[in-house]
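> Encoded as structure tokens, here's the structure I'll be asking about.
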Amino acid sequence: MRDDQKNQTTNDAHPGDLTRRDFATLLVGAGLAATVQSTAAADPEVVEADVEIKTSDGTCDAAFIHPKSGSYPGVLVWPDAFGLRPSMRAIGRRISAEGYSVLVPNPFYRVAKAPFSDASSFNFQNADDLAKLKPLMASVNAPGNPEKDAAAYVAFLDAQKEVNKAKKIGTQGYCMGGALVVRTVAFLPDRVGAGASFHGGGLVTDKPDSPHLLAPKIKARMYFGIASNDDSRQPDAKDKLKEAFSAAKVPAEIEVYSALHGWCVPDMPVRDGVPIYNKPEAERAWGKLVALYKAALA
């Protein structure tokens with residue numbers, strides 16, 4: 001255990017397919033604690049540690065990645081429906097190398113340790129494969145859980161000497177993680193200064209707890225990158241997002257990419273004979289993310 005941590009307290013079947021209910025007033029569990037299990041150099045510029053974060057609902061396994069020395073703005077990465085795995089760690093290392101201290105949690109810790117090591121063999125046409133995702137996604141999306149988790153993860157970041165608490169925190173999410181980003185920035189408006197959703201699912205629903213309806217609670221600068229097939233399936237989503245954030249006077253950029261749902265994540269499988277990962281469009285999205293953080297977390 002690192003000395004600075006001894007005393008601290010601390011989806012892609014479509015996420016929209018899972019029903020969400022109204023979120024009640026939350027009691028964030030006390031006694032949040034984190035301990036390092038092991039550390040390893042991620043690359044010459046950043047250090048990666050496997051950590052455990054105690055929450056009111058259990059112990060979350062996560063990766064904490066930061067530059068070798070100094071303190072930097074914190075970043076929370078919400079993974080897609082395949083959770084914490086090498087590809088998400090790589091995303092964490094890459095954004096850390098830009099000058100951020102990054103936490104990538106296993107969002108499914110209530111059910112299991114990080115359940116996937118790779119998503120490339122997943123078959124979206126296989127009912128058994130899809131069935132594996134539903135209980136995982138339900139565990140993090142249950143009423144109140146995203147907010148409790150966000151509070152625990154941000155508390156962890158704020159307890160690290162590598163995190164500059166004078167700077168706002170950023171959060172980015174992929175697929176399932178897109179809606180979790182919105183819930184995070186709405187729940188912690190005074191701490192989180194930037195949120196980015198890439199091929200986010202369930203951002204606009206007809207339910208009273210739809211993430212886009214949280215816009216009035218948000219103070220962060222926002223970015224939404226929408227997949228072309230998501231836009232084809234729900235063409236009014238981008239318009240409703242724009243209207244909600246404009247009405248709330250929250251700065252938000254919304255773009256549709258000529259790429260499939262999941263295009264930013266390198267280990268996405270082939271779907272209907274077409275590769276999901278799209279490197280050129282993923283790099284364009286990455287540039288937007290870096291620009292967002294540079295502007296909002298300064």
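Labeling convention for the structure tokens: chains A, B, ... as they appear, residues from 1 per chain, ligands from 1 in order of appearance.
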Report as number ranges by chain: the residues of stretch 159-233 of chain A with a DSSP assignment of alpha helix (DSSP H), based on the backbone of this structure.
A: 176-187, 228-233
> Would you put the residues from that selection into a file with C-alpha atoms, as an mmCIF file, in the first residue's frame?

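This is the output file out28.cif:
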```
data_model
loop_
_atom_site.group_PDB
_atom_site.id
_atom_site.type_symbol
_atom_site.label_atom_id
_atom_site.label_comp_id
_atom_site.auth_asym_id
_atom_site.auth_seq_id
_atom_site.Cartn_x
_atom_site.Cartn_y
_atom_site.Cartn_z
ATOM 1 C CA MET A 176 -22.889 2.536 -22.018
ATOM 2 C CA GLY A 177 -20.451 4.979 -20.418
ATOM 3 C CA GLY A 178 -21.865 7.939 -22.328
ATOM 4 C CA ALA A 179 -24.999 8.132 -20.198
ATOM 5 C CA LEU A 180 -22.881 7.577 -17.080
ATOM 6 C CA VAL A 181 -20.832 10.630 -18.031
ATOM 7 C CA VAL A 182 -23.988 12.745 -18.144
ATOM 8 C CA ARG A 183 -25.124 11.444 -14.771
ATOM 9 C CA THR A 184 -21.676 12.138 -13.314
ATOM 10 C CA VAL A 185 -21.458 15.750 -14.440
ATOM 11 C CA ALA A 186 -25.036 16.381 -13.269
ATOM 12 C CA PHE A 187 -24.455 14.828 -9.842
ATOM 13 C CA SER A 228 -23.912 7.089 -37.801
ATOM 14 C CA ASN A 229 -25.991 3.969 -37.172
ATOM 15 C CA ASP A 230 -27.157 5.337 -33.803
ATOM 16 C CA ASP A 231 -28.205 8.515 -35.602
ATOM 17 C CA SER A 232 -30.063 6.496 -38.249
ATOM 18 C CA ARG A 233 -31.937 4.579 -35.574
#
```
> Can you tell me which residues surround A:Ala259 at a distance of at most 9 Å, considering only C-alpha atoms, apart from same-chain residues fewer than 5 positions away, and format the answer as a PDB file with N, CA, C and O atoms, in the first residue's frame?

```pdb
ATOM      1  N   ILE A 226     -21.604  11.045 -31.910  1.00  0.00           N
ATOM      2  CA  ILE A 226     -22.681  10.095 -32.173  1.00  0.00           C
ATOM      3  C   ILE A 226     -22.348   9.230 -33.383  1.00  0.00           C
ATOM      4  O   ILE A 226     -21.902   9.736 -34.422  1.00  0.00           O
ATOM      5  N   ALA A 227     -22.545   7.927 -33.259  1.00  0.00           N
ATOM      6  CA  ALA A 227     -22.291   7.008 -34.369  1.00  0.00           C
ATOM      7  C   ALA A 227     -23.358   7.156 -35.447  1.00  0.00           C
ATOM      8  O   ALA A 227     -24.520   7.459 -35.155  1.00  0.00           O
ATOM      9  N   SER A 228     -22.972   6.914 -36.687  1.00  0.00           N
ATOM     10  CA  SER A 228     -23.912   7.089 -37.801  1.00  0.00           C
ATOM     11  C   SER A 228     -25.100   6.137 -37.697  1.00  0.00           C
ATOM     12  O   SER A 228     -26.239   6.524 -38.002  1.00  0.00           O
ATOM     13  N   ASN A 229     -24.856   4.896 -37.269  1.00  0.00           N
ATOM     14  CA  ASN A 229     -25.991   3.969 -37.172  1.00  0.00           C
ATOM     15  C   ASN A 229     -26.881   4.279 -35.969  1.00  0.00           C
ATOM     16  O   ASN A 229     -28.091   4.033 -36.003  1.00  0.00           O
ATOM     17  N   ILE A 276     -15.962  -2.663 -36.523  1.00  0.00           N
ATOM     18  CA  ILE A 276     -16.558  -1.550 -35.800  1.00  0.00           C
ATOM     19  C   ILE A 276     -15.536  -0.441 -35.561  1.00  0.00           C
ATOM     20  O   ILE A 276     -15.821   0.746 -35.763  1.00  0.00           O
ATOM     21  N   TYR A 277     -14.344  -0.823 -35.132  1.00  0.00           N
ATOM     22  CA  TYR A 277     -13.313   0.184 -34.866  1.00  0.00           C
ATOM     23  C   TYR A 277     -12.949   0.908 -36.158  1.00  0.00           C
ATOM     24  O   TYR A 277     -12.729   0.285 -37.197  1.00  0.00           O
ATOM     25  N   ASN A 278     -12.907   2.224 -36.093  1.00  0.00           N
ATOM     26  CA  ASN A 278     -12.605   3.057 -37.257  1.00  0.00           C
ATOM     27  C   ASN A 278     -11.507   4.023 -36.849  1.00  0.00           C
ATOM     28  O   ASN A 278     -11.771   5.040 -36.208  1.00  0.00           O
ATOM     29  N   GLU A 281     -11.686   7.942 -37.759  1.00  0.00           N
ATOM     30  CA  GLU A 281     -12.724   8.639 -37.008  1.00  0.00           C
ATOM     31  C   GLU A 281     -12.448   8.602 -35.504  1.00  0.00           C
ATOM     32  O   GLU A 281     -12.795   9.538 -34.776  1.00  0.00           O
ATOM     33  N   ALA A 282     -11.795   7.532 -35.037  1.00  0.00           N
ATOM     34  CA  ALA A 282     -11.403   7.472 -33.629  1.00  0.00           C
ATOM     35  C   ALA A 282     -10.367   8.546 -33.318  1.00  0.00           C
ATOM     36  O   ALA A 282     -10.405   9.178 -32.257  1.00  0.00           O
TER      37      ALA A 282
END
```
> Measuring between only C-alpha atoms, which one of A:Pro251, A:Pro143, A:Pro79, A:Pro105 shows the shortest distance to A:His199?
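Result for the nearest residue to A:His199: A:Pro79.
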> Hey, what's within 9 Å of stretch 235-238 of chain A if we count only C-alpha atoms and toss same-chain stuff fewer than 3 positions away? As a ChimeraX atom specification, please?
/A:203-205,224,226,230-232,241-243,254-256
> How would the residues just chosen look if you wrote them out with N, CA and C atoms as a short mmCIF file (atom, residue, chain, number, x, y, z; two decimals), in the first residue's frame?

```cif
data_model
loop_
_atom_site.label_atom_id
_atom_site.label_comp_id
_atom_site.auth_asym_id
_atom_site.auth_seq_id
_atom_site.Cartn_x
_atom_site.Cartn_y
_atom_site.Cartn_z
N LEU A 203 -28.84 8.08 -24.26
CA LEU A 203 -28.71 9.48 -23.86
C LEU A 203 -30.04 10.21 -23.90
N VAL A 204 -30.90 9.82 -24.83
CA VAL A 204 -32.21 10.44 -24.98
C VAL A 204 -33.25 9.32 -25.01
N THR A 205 -34.09 9.28 -23.98
CA THR A 205 -35.16 8.29 -23.92
C THR A 205 -36.47 9.03 -23.66
N PHE A 224 -20.49 15.47 -27.42
CA PHE A 224 -21.18 14.23 -27.77
C PHE A 224 -20.79 13.82 -29.18
N ILE A 226 -21.60 11.04 -31.91
CA ILE A 226 -22.68 10.10 -32.17
C ILE A 226 -22.35 9.23 -33.38
N ASP A 230 -26.32 4.86 -34.91
CA ASP A 230 -27.16 5.34 -33.80
C ASP A 230 -28.04 6.49 -34.28
N ASP A 231 -27.46 7.37 -35.09
CA ASP A 231 -28.20 8.51 -35.60
C ASP A 231 -29.32 8.05 -36.55
N SER A 232 -29.03 7.02 -37.34
CA SER A 232 -30.06 6.50 -38.25
C SER A 232 -31.23 5.90 -37.48
N LEU A 241 -30.80 16.55 -27.70
CA LEU A 241 -29.61 16.90 -26.91
C LEU A 241 -29.28 18.38 -27.07
N LYS A 242 -29.25 18.82 -28.32
CA LYS A 242 -28.92 20.21 -28.59
C LYS A 242 -29.91 21.15 -27.93
N GLU A 243 -31.18 20.83 -28.05
CA GLU A 243 -32.21 21.69 -27.46
C GLU A 243 -32.09 21.75 -25.93
N ILE A 254 -22.10 18.74 -30.46
CA ILE A 254 -22.72 17.47 -30.82
C ILE A 254 -22.42 17.18 -32.28
N GLU A 255 -21.80 16.04 -32.55
CA GLU A 255 -21.41 15.69 -33.92
C GLU A 255 -21.78 14.25 -34.23
N VAL A 256 -22.14 14.01 -35.48
CA VAL A 256 -22.38 12.66 -35.97
C VAL A 256 -21.16 12.24 -36.79
#
```
> Quote the spacing between atom CA of A:Tyr223 and atom CA of A:Gln160 in Å to one decimal place.
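Rounded to one decimal, the two atoms are 26.7 Å apart.
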> With only C-alpha atoms as the basis for distance, which of A:Gly225, A:Val111, A:Val75, A:Cys264 is at the shortest distance from A:Lys168?
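Result for the nearest residue to A:Lys168: A:Val75.
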> Just the strand (DSSP E) stuff from stretch 35-261 of chain A, please, per backbone DSSP, written as a ChimeraX atom specification.
/A:35-41,46-55,58-67,74-78,101-105,169-174,192-198,221-227,252-257
> Looking at only C-alpha atoms, which of A:Gln125, A:Asn164, A:Met268, A:Tyr109 is the one that sits closest to A:Ser139?
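The closest residue to A:Ser139 is A:Tyr109.
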> Could you pull the residues within 9 Å of A:Gly193, counting only C-alpha atoms, minus those fewer than 5 positions along the same chain, as a count of residues only?
13
> With a distance cut-off of 10 Å and only C-alpha atoms, select the neighbouring residues of stretch 87-103 of chain A, excluding the residue or stretch itself and same-chain residues fewer than 3 positions from it, and output the selection as a ChimeraX atom specification.
/A:42-51,62-68,70-80,82-84,106,117-119,153-154,156-157,160-164,169-171,174,264-268,286,289-290,293-294,297
> Compile the contact shell of A:Val270 as a PyMOL selection string: residues with an atom at most 10 Å away, counting only C-alpha atoms, same-chain residues fewer than 3 positions apart removed.
chain A and resi 120-124+267+273-277
> Kindly save the residues from that selection, with all heavy atoms included, as an mmCIF file, in the first residue's frame.

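Written out: part05.cif:
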```
data_model
loop_
_atom_site.group_PDB
_atom_site.id
_atom_site.type_symbol
_atom_site.label_atom_id
_atom_site.label_comp_id
_atom_site.auth_asym_id
_atom_site.auth_seq_id
_atom_site.Cartn_x
_atom_site.Cartn_y
_atom_site.Cartn_z
ATOM 1 N N SER A 120 -13.140 -8.600 -28.732
ATOM 2 C CA SER A 120 -13.101 -8.848 -30.176
ATOM 3 C C SER A 120 -13.841 -10.111 -30.609
ATOM 4 O O SER A 120 -14.264 -10.214 -31.757
ATOM 5 C CB SER A 120 -11.646 -8.917 -30.656
ATOM 6 O OG SER A 120 -10.968 -10.001 -30.040
ATOM 7 N N SER A 121 -14.017 -11.071 -29.692
ATOM 8 C CA SER A 121 -14.699 -12.313 -30.073
ATOM 9 C C SER A 121 -16.191 -12.290 -29.749
ATOM 10 O O SER A 121 -16.895 -13.273 -30.009
ATOM 11 C CB SER A 121 -14.043 -13.505 -29.366
ATOM 12 O OG SER A 121 -14.168 -13.376 -27.960
ATOM 13 N N PHE A 122 -16.677 -11.180 -29.204
ATOM 14 C CA PHE A 122 -18.090 -11.096 -28.849
ATOM 15 C C PHE A 122 -18.951 -11.120 -30.102
ATOM 16 O O PHE A 122 -18.633 -10.492 -31.104
ATOM 17 C CB PHE A 122 -18.346 -9.809 -28.062
ATOM 18 C CG PHE A 122 -19.715 -9.729 -27.443
ATOM 19 C CD1 PHE A 122 -19.957 -10.269 -26.189
ATOM 20 C CD2 PHE A 122 -20.767 -9.119 -28.115
ATOM 21 C CE1 PHE A 122 -21.219 -10.215 -25.615
ATOM 22 C CE2 PHE A 122 -22.033 -9.044 -27.547
ATOM 23 C CZ PHE A 122 -22.260 -9.598 -26.295
ATOM 24 N N ASN A 123 -20.051 -11.833 -30.017
ATOM 25 C CA ASN A 123 -20.959 -11.961 -31.168
ATOM 26 C C ASN A 123 -22.288 -11.292 -30.831
ATOM 27 O O ASN A 123 -23.069 -11.799 -30.023
ATOM 28 C CB ASN A 123 -21.174 -13.438 -31.506
ATOM 29 C CG ASN A 123 -22.028 -13.634 -32.742
ATOM 30 O OD1 ASN A 123 -22.598 -12.680 -33.289
ATOM 31 N ND2 ASN A 123 -22.128 -14.871 -33.205
ATOM 32 N N PHE A 124 -22.565 -10.154 -31.453
ATOM 33 C CA PHE A 124 -23.792 -9.412 -31.177
ATOM 34 C C PHE A 124 -25.038 -10.133 -31.676
ATOM 35 O O PHE A 124 -26.154 -9.803 -31.293
ATOM 36 C CB PHE A 124 -23.721 -8.015 -31.799
ATOM 37 C CG PHE A 124 -22.788 -7.085 -31.070
ATOM 38 C CD1 PHE A 124 -21.542 -6.797 -31.600
ATOM 39 C CD2 PHE A 124 -23.153 -6.510 -29.869
ATOM 40 C CE1 PHE A 124 -20.678 -5.950 -30.938
ATOM 41 C CE2 PHE A 124 -22.299 -5.661 -29.197
ATOM 42 C CZ PHE A 124 -21.054 -5.376 -29.725
ATOM 43 N N ASP A 267 -10.642 -2.824 -29.606
ATOM 44 C CA ASP A 267 -10.904 -4.265 -29.591
ATOM 45 C C ASP A 267 -12.358 -4.627 -29.899
ATOM 46 O O ASP A 267 -12.787 -5.744 -29.646
ATOM 47 C CB ASP A 267 -10.479 -4.897 -28.260
ATOM 48 C CG ASP A 267 -11.359 -4.480 -27.087
ATOM 49 O OD1 ASP A 267 -12.080 -3.463 -27.205
ATOM 50 O OD2 ASP A 267 -11.319 -5.163 -26.040
ATOM 51 N N GLY A 273 -20.113 -8.369 -40.585
ATOM 52 C CA GLY A 273 -19.026 -8.425 -41.543
ATOM 53 C C GLY A 273 -18.217 -7.151 -41.676
ATOM 54 O O GLY A 273 -17.305 -7.069 -42.505
ATOM 55 N N VAL A 274 -18.526 -6.148 -40.868
ATOM 56 C CA VAL A 274 -17.844 -4.850 -40.969
ATOM 57 C C VAL A 274 -17.112 -4.550 -39.664
ATOM 58 O O VAL A 274 -17.702 -4.672 -38.583
ATOM 59 C CB VAL A 274 -18.865 -3.720 -41.252
ATOM 60 C CG1 VAL A 274 -18.159 -2.372 -41.326
ATOM 61 C CG2 VAL A 274 -19.616 -4.009 -42.542
ATOM 62 N N PRO A 275 -15.840 -4.166 -39.727
ATOM 63 C CA PRO A 275 -15.126 -3.796 -38.499
ATOM 64 C C PRO A 275 -15.800 -2.596 -37.837
ATOM 65 O O PRO A 275 -16.157 -1.625 -38.507
ATOM 66 C CB PRO A 275 -13.721 -3.440 -38.988
ATOM 67 C CG PRO A 275 -13.590 -4.105 -40.323
ATOM 68 C CD PRO A 275 -14.961 -4.089 -40.913
ATOM 69 N N ILE A 276 -15.962 -2.663 -36.523
ATOM 70 C CA ILE A 276 -16.558 -1.550 -35.800
ATOM 71 C C ILE A 276 -15.536 -0.441 -35.561
ATOM 72 O O ILE A 276 -15.821 0.746 -35.763
ATOM 73 C CB ILE A 276 -17.157 -2.037 -34.464
ATOM 74 C CG1 ILE A 276 -18.370 -2.939 -34.727
ATOM 75 C CG2 ILE A 276 -17.548 -0.858 -33.580
ATOM 76 C CD1 ILE A 276 -18.954 -3.569 -33.477
ATOM 77 N N TYR A 277 -14.344 -0.823 -35.132
ATOM 78 C CA TYR A 277 -13.313 0.184 -34.866
ATOM 79 C C TYR A 277 -12.949 0.908 -36.158
ATOM 80 O O TYR A 277 -12.729 0.285 -37.197
ATOM 81 C CB TYR A 277 -12.070 -0.472 -34.272
ATOM 82 C CG TYR A 277 -10.918 0.483 -34.055
ATOM 83 C CD1 TYR A 277 -11.051 1.580 -33.208
ATOM 84 C CD2 TYR A 277 -9.701 0.274 -34.695
ATOM 85 C CE1 TYR A 277 -9.987 2.448 -33.000
ATOM 86 C CE2 TYR A 277 -8.630 1.136 -34.488
ATOM 87 C CZ TYR A 277 -8.782 2.228 -33.651
ATOM 88 O OH TYR A 277 -7.722 3.092 -33.451
#
```
